[in-house]
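This report refers to the structure that appears directly beneath it.
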Amino acid sequence: MKDERPMDEWIKKLTEDSLEKRKLDRRKFLAGAGKIAGLSLGLTIAQSIGAFEVNAAPRFRNYPFTLGVASGDPLSDSVVLWTRLAPDPQNGGGMPNQAVPVKWEIANDENFTKVIQHGTELAQPNLAHSVHVEVEGLKPNKVYYYRFRSGNENSPIGKTKTLPEKGAEVSSMTFAFASCQQYEHGYYTAFQHMAEEELDLVIHLGDYIYEYGPNEYVSPSGNVRAHSGPEIITLEDYRNRYAQYRSDTNLKAAHAAFPWVVTWDDHEVENNYANMIPEKGQSVEAFVKRRAAAYQAYYEHMPLRRSSLPHGADMLLYRDFTYGNLAAFNVMDTRQYRDDQANGDGSKPPSEESMDPNRTLTGQEQEDWLISNLGNSKTHWNILAQQVFFAQRNYGTSTAPRFSMDAWDGYTASRQRITDFVQSKNLNNIIVLTGDVHASWACDLKADYDDPASKVIGAEFVGTSITSGGNGADKRADTDKIMGLNPHIKFFNDYRGYVRCTVTPEEWRTDYRVLPFVTSPGADISTRASFVYQKDQTGLKQAGSNVVPAGVKISAEVEEDRNLAHGKAHEKQMKKNLINIGQ
């Protein structure tokens with residue numbers, strides 16, 4: 001029987017239970033919160049859905065394509081083209097409550113002398129006048145150029161590329177992956193350099209935006225730009241924050257240069273949230289409405305297909321892409337479906353809770369999807385493009401270990417199920433791509449991390465941040481200790497940048513592309529180190545190492561400082577909330 005109690009009653013019932021200590025019965029909480037999120041998200045999207053008046057001849061008070069263009073989710077015969085009309089981008093967009101026609105065209109050449117398809121989409125208020133064009137009937141493994149026009153205004157030109165056909169012989173590909181671009185912590189010089197690379201694809205692993213108000217989350221090298229507006233909560237807040245980030249010239253250039261495949265982590269909503277459970281100190285009502293707004297704004301600003309349009313309490317973001325017979329990319333979502341972090345989150349020793357065999361980081365459906373994909377894959381490489389550190393990483397001591405409860409170390413049974421399957425199928429081609437931790441790491445994936453002689457089952461490449469954490473250094477105060485405690489970890493570096501991967505059927509090469517500073521523009525890019533992985537169970541081999549000129553060689557920072565900085569940011573938010581309540 002359908003439960004017809006109004007949303008306010010569900011909120012009242014759930015908020016009677018305290019979330020302060022994160023001890024609410026999870027099943028009860030999620031069941032109720034899901035109802036609220038479904039209702040609130042439905043209301044959010046439906047607010048302006050209807051028979052919109054169409055402004056067939058729009059006139060804009062300012063240039064409308066301020067956020068640039070992007071493409072993404074490429075297939076062998078299709079790609080998504082994206083833009084958003086926003087003549088006043090950081091003040092709600094500056095568009096009237098009308099649908100506006102946006103013409104698009106895609107061509108074989110950048111001069112558009114050979115236009116192969118064109119059409120018109122309506123940019124509608126309910127999706128912030130964003131446009132997601134799913135162009136079909138394209139040729140595989142081919143470069144195309146695209147642009148938009150609305151009224152008398154033309155967008156910038158973007159370049160994209162389709163994937164090779166599934167199963168087609170492919171000799172090589174080159175792609176880059178990136179994550180964590182806190183706007184206040186630095187300039188997006190890394191994206192300037194990325195746009196100049198020769199890449200087939202870019203993968204973004206999350207923390208595309210950060211939710212904090214101005215100077216709440218401060219980097220060790222100091223904040224050099226400021227978030228506009230306070231901590232983001234509402235749909236308009238999230239839209240304005242995406243607009244601020246996407247107004248950056250270098251980020252726009254990287255989007256326009258290549259197709260992107262995106263997934264989120266936590267800061268697209270709030271630091272370290274888990275499924276429907278907030279970080280701390282929020283009511284159920286506040287968080288589920290906030291998550292719904294954040295998910296919608298994410299869709300509005302990313303080149304995603306209609307299959308990822310938020311629906312009810314959910315947004316389907318895990319999906320897969322096959323690059324000929326060379327590589328299968330499993331793009332994962334380790335935030336939306338996870339169990340709550342064990343032991344109250346943070347850095348803790350393993351416990352009965354963290355090792356509970358029933359706990360999951362991915363949710364059962366996504367885990368089944370991943371296992372099925374790995375079992376059925378016929379490509380040379382199988383990739384997990386995901387968010388949080390996969391390999392074991394002890395940054396305590398040998399006698400008093402400490403692990404991140406937000407990473408796979410806090411969900412050891414979930415990781416072991418994947419590891420066991422890989423071993424059962426004798427797979428030797430597993431590559432994990434990771435973001436989140438604002439530093440570069442390279443790891444052998446092991447059958448048993450507590451046994452240095454155990455089998456190598458793959459490799460993990462952890463990419464540093466674009467800006468988050470500020471300038472960084474070549475190494476940190478605790479680098480040598482962590483490397484000694486974790487012999488399967490082969491490399492660490494704390495400069496900012498991105499990761500470039502060149503893949504052939506026989507070999508995977510990873511180049512850590514880094515900058516000596518981000519607190520001012522103009523830094524040169526260099527390859528700090530290169531690693532090669534071959535499918536012979538011998539593990540990672542370093543293929544090159546370079547000194548980065550002008551960068552700090554060693555800092556006083558340690559791994560725990562990142563968590564402390566987030567904690568300080570949350571304390572600032574709580575104080576502001578108390579002041580606002582007092583007023």
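How things are named: the first chain in the structure tokens is A, the next is B, and so on; residues count from 1 in each chain; ligands count from 1 in the order shown.
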
Residues within 7 Å of range 327-329 of chain A, only C-alpha atoms, excluding chain neighbours under 4 positions, as a ChimeraX atom specification: /A:320-323,379-385

Can you pull out the residues contacting Ala407 in chain A? Cut-off 9 Å, using only C-alpha atoms, and skip same-chain residues under 2 positions away; I want them as a list in words.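 My reading of the contact set: Gln341, Leu361, Gln387, Val388, Phe389, Phe390, Phe403, Ser404, Met405, Asp409, Gly410 and Tyr411 of chain A.
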
What does the structure give for the distance between CA of Tyr210 in chain A and CA of Thr360 in chain A, in Å to one decimal?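 The value is 25.2 Å.
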
Excluding Thr234 in chain A and residues on its chain fewer than 5 positions from it, collect all residues at most 10 Å away from it, counting only C-alpha atoms, and give them as a PyMOL selection string. chain A and resi 44+239-240+286+289-294+297

Okay, now the selection with N, CA, C and O atoms, as a CSV table (one decimal), in the first residue's frame?
chain,number,residue,atom,x,y,z
A,44,THR,N,12.4,19.5,-6.7
A,44,THR,CA,13.4,20.3,-7.2
A,44,THR,C,13.3,20.4,-8.7
A,44,THR,O,13.3,21.5,-9.3
A,239,ARG,N,24.5,25.7,-8.3
A,239,ARG,CA,24.6,26.2,-9.7
A,239,ARG,C,25.6,27.3,-9.8
A,239,ARG,O,26.5,27.3,-10.7
A,240,ASN,N,25.6,28.2,-8.8
A,240,ASN,CA,26.5,29.3,-8.8
A,240,ASN,C,27.9,28.9,-8.6
A,240,ASN,O,28.9,29.4,-9.2
A,286,ALA,N,17.7,18.8,6.1
A,286,ALA,CA,18.7,19.6,5.5
A,286,ALA,C,19.5,18.8,4.5
A,286,ALA,O,19.8,19.3,3.4
A,289,LYS,N,17.7,17.2,1.2
A,289,LYS,CA,17.4,18.3,0.3
A,289,LYS,C,18.7,18.8,-0.4
A,289,LYS,O,18.7,19.0,-1.6
A,290,ARG,N,19.7,18.9,0.4
A,290,ARG,CA,21.0,19.3,-0.1
A,290,ARG,C,21.5,18.3,-1.1
A,290,ARG,O,22.0,18.7,-2.2
A,291,ARG,N,21.5,17.1,-0.8
A,291,ARG,CA,22.0,16.1,-1.7
A,291,ARG,C,21.2,16.1,-3.0
A,291,ARG,O,21.8,16.0,-4.1
A,292,ALA,N,19.9,16.2,-2.9
A,292,ALA,CA,19.1,16.3,-4.1
A,292,ALA,C,19.5,17.4,-5.0
A,292,ALA,O,19.6,17.3,-6.2
A,293,ALA,N,19.7,18.6,-4.4
A,293,ALA,CA,20.0,19.8,-5.2
A,293,ALA,C,21.4,19.6,-5.8
A,293,ALA,O,21.7,20.0,-6.9
A,294,ALA,N,22.3,19.0,-5.0
A,294,ALA,CA,23.7,18.8,-5.5
A,294,ALA,C,23.8,17.9,-6.7
A,294,ALA,O,24.5,18.1,-7.7
A,297,ALA,N,22.5,19.7,-9.8
A,297,ALA,CA,23.4,20.7,-10.3
A,297,ALA,C,24.6,20.0,-11.0
A,297,ALA,O,25.1,20.5,-12.0

Among range 508-580 of chain A, which ones does DSSP assign to alpha helix (DSSP H) (computed from the backbone)? Answer as a VMD selection string. chain A and resid 560 to 580
